[in-house]
Amino acid sequence: MAMAWIWTGMAVVSLLFAAAAGNLGALGGAALDGARSAVELCVSLAGVMCLWTGVMEVLEQSGATAALARAFRPLLRRLLPHASRDPETLSALSGNLSANLLGLGGAATPLGIRAARAMARGCEGVASDELCLLVVLNTASIQLFPTTLAGVRAALGAADPFDILPAVWLVSLASVGAGLLAAKLFSRLWRA
């Protein structure tokens, strides 16, 4: 509901300023041009999402995602010891981390929600340290293949949409490290 008010406010302010400056025609042209560009970008991204959703399905059918999830279980048991005691929660956590690693945030979200719901049982409305850590891991996820970003770059005409991979790997590793460090530090400070 708040976003509706924000967007309405932005439109009203734009109309007022355009009317005051005598640029209503330019505002209308810019609005139509922006709408056209948005539709073109959405159609381009839909194709990219279909491609990577298909790739994810192939990886799932071949067992690659399950193998990747198994590889993450020891790390998750160390990071989230209480949550990893439940096999269903551990499976959702592993799948979530695997999908995020492959740059498929849309596929990772349902798994993350399932894991968060399981981890929230018994918290009585207050997030546990592990639940906060899950949010940090999802927000600052390490991505091997930033498919959405590459799709946007391809739709906007980049010659090599994946030439940003080394920078993405470095930044995502740094953001996860900083997030984990901050989560651990704040959990200790909060208890003190």
# chains A, B, ... in the order shown; residues from 1 in each chain; ligands from 1
call {"tool": "closest_atom_pairs", "arguments": {"of": "range 44-129 of chain A", "to": "range 141-161 of chain A", "cutoff": "12 Å", "atoms": "only C-alpha atoms", "output": "Markdown table"}}
result
| residue | atom | partner | partner_atom | distance |
| --- | --- | --- | --- | --- |
| A:Ser44 | CA | A:Ala155 | CA | 5.7 |
| A:Leu45 | CA | A:Gly151 | CA | 5.9 |
| A:Ala46 | CA | A:Gly151 | CA | 9.1 |
| A:Gly47 | CA | A:Gly151 | CA | 8.6 |
| A:Val48 | CA | A:Gly151 | CA | 5.7 |
| A:Met49 | CA | A:Thr148 | CA | 7.5 |
| A:Cys50 | CA | A:Gly151 | CA | 10.9 |
| A:Leu51 | CA | A:Thr147 | CA | 9.7 |
| A:Trp52 | CA | A:Thr147 | CA | 7.2 |
| A:Thr53 | CA | A:Thr147 | CA | 10.2 |
| A:Val55 | CA | A:Thr147 | CA | 11.0 |
| A:Met56 | CA | A:Thr147 | CA | 11.3 |
| A:Asn96 | CA | A:Ser141 | CA | 9.9 |
| A:Leu97 | CA | A:Ser141 | CA | 7.7 |
| A:Ser98 | CA | A:Gln143 | CA | 9.3 |
| A:Ala99 | CA | A:Gln143 | CA | 9.0 |
| A:Asn100 | CA | A:Ser141 | CA | 6.1 |
| A:Leu101 | CA | A:Gln143 | CA | 4.3 |
| A:Leu102 | CA | A:Phe145 | CA | 5.3 |
| A:Gly103 | CA | A:Pro146 | CA | 4.7 |
| A:Leu104 | CA | A:Thr147 | CA | 7.0 |
| A:Gly105 | CA | A:Thr148 | CA | 8.7 |
| A:Gly106 | CA | A:Thr148 | CA | 9.9 |
| A:Ala108 | CA | A:Ser141 | CA | 10.5 |
| A:Thr109 | CA | A:Ser141 | CA | 11.9 |
| A:Gly112 | CA | A:Ser141 | CA | 11.9 |
call {"tool": "residues_around", "arguments": {"residues": "range 120-132 of chain A", "least_positions_apart": "5", "cutoff": "8 Å", "atoms": "only C-alpha atoms", "output": "PyMOL selection string"}}
result
chain A and resi 80+82-83+183+187
call {"tool": "residues_around", "arguments": {"residues": "range 8-18 of chain A", "least_positions_apart": "6", "cutoff": "12 Å", "atoms": "only C-alpha atoms", "output": "ChimeraX atom specification"}}
result
/A:1-2,24-31
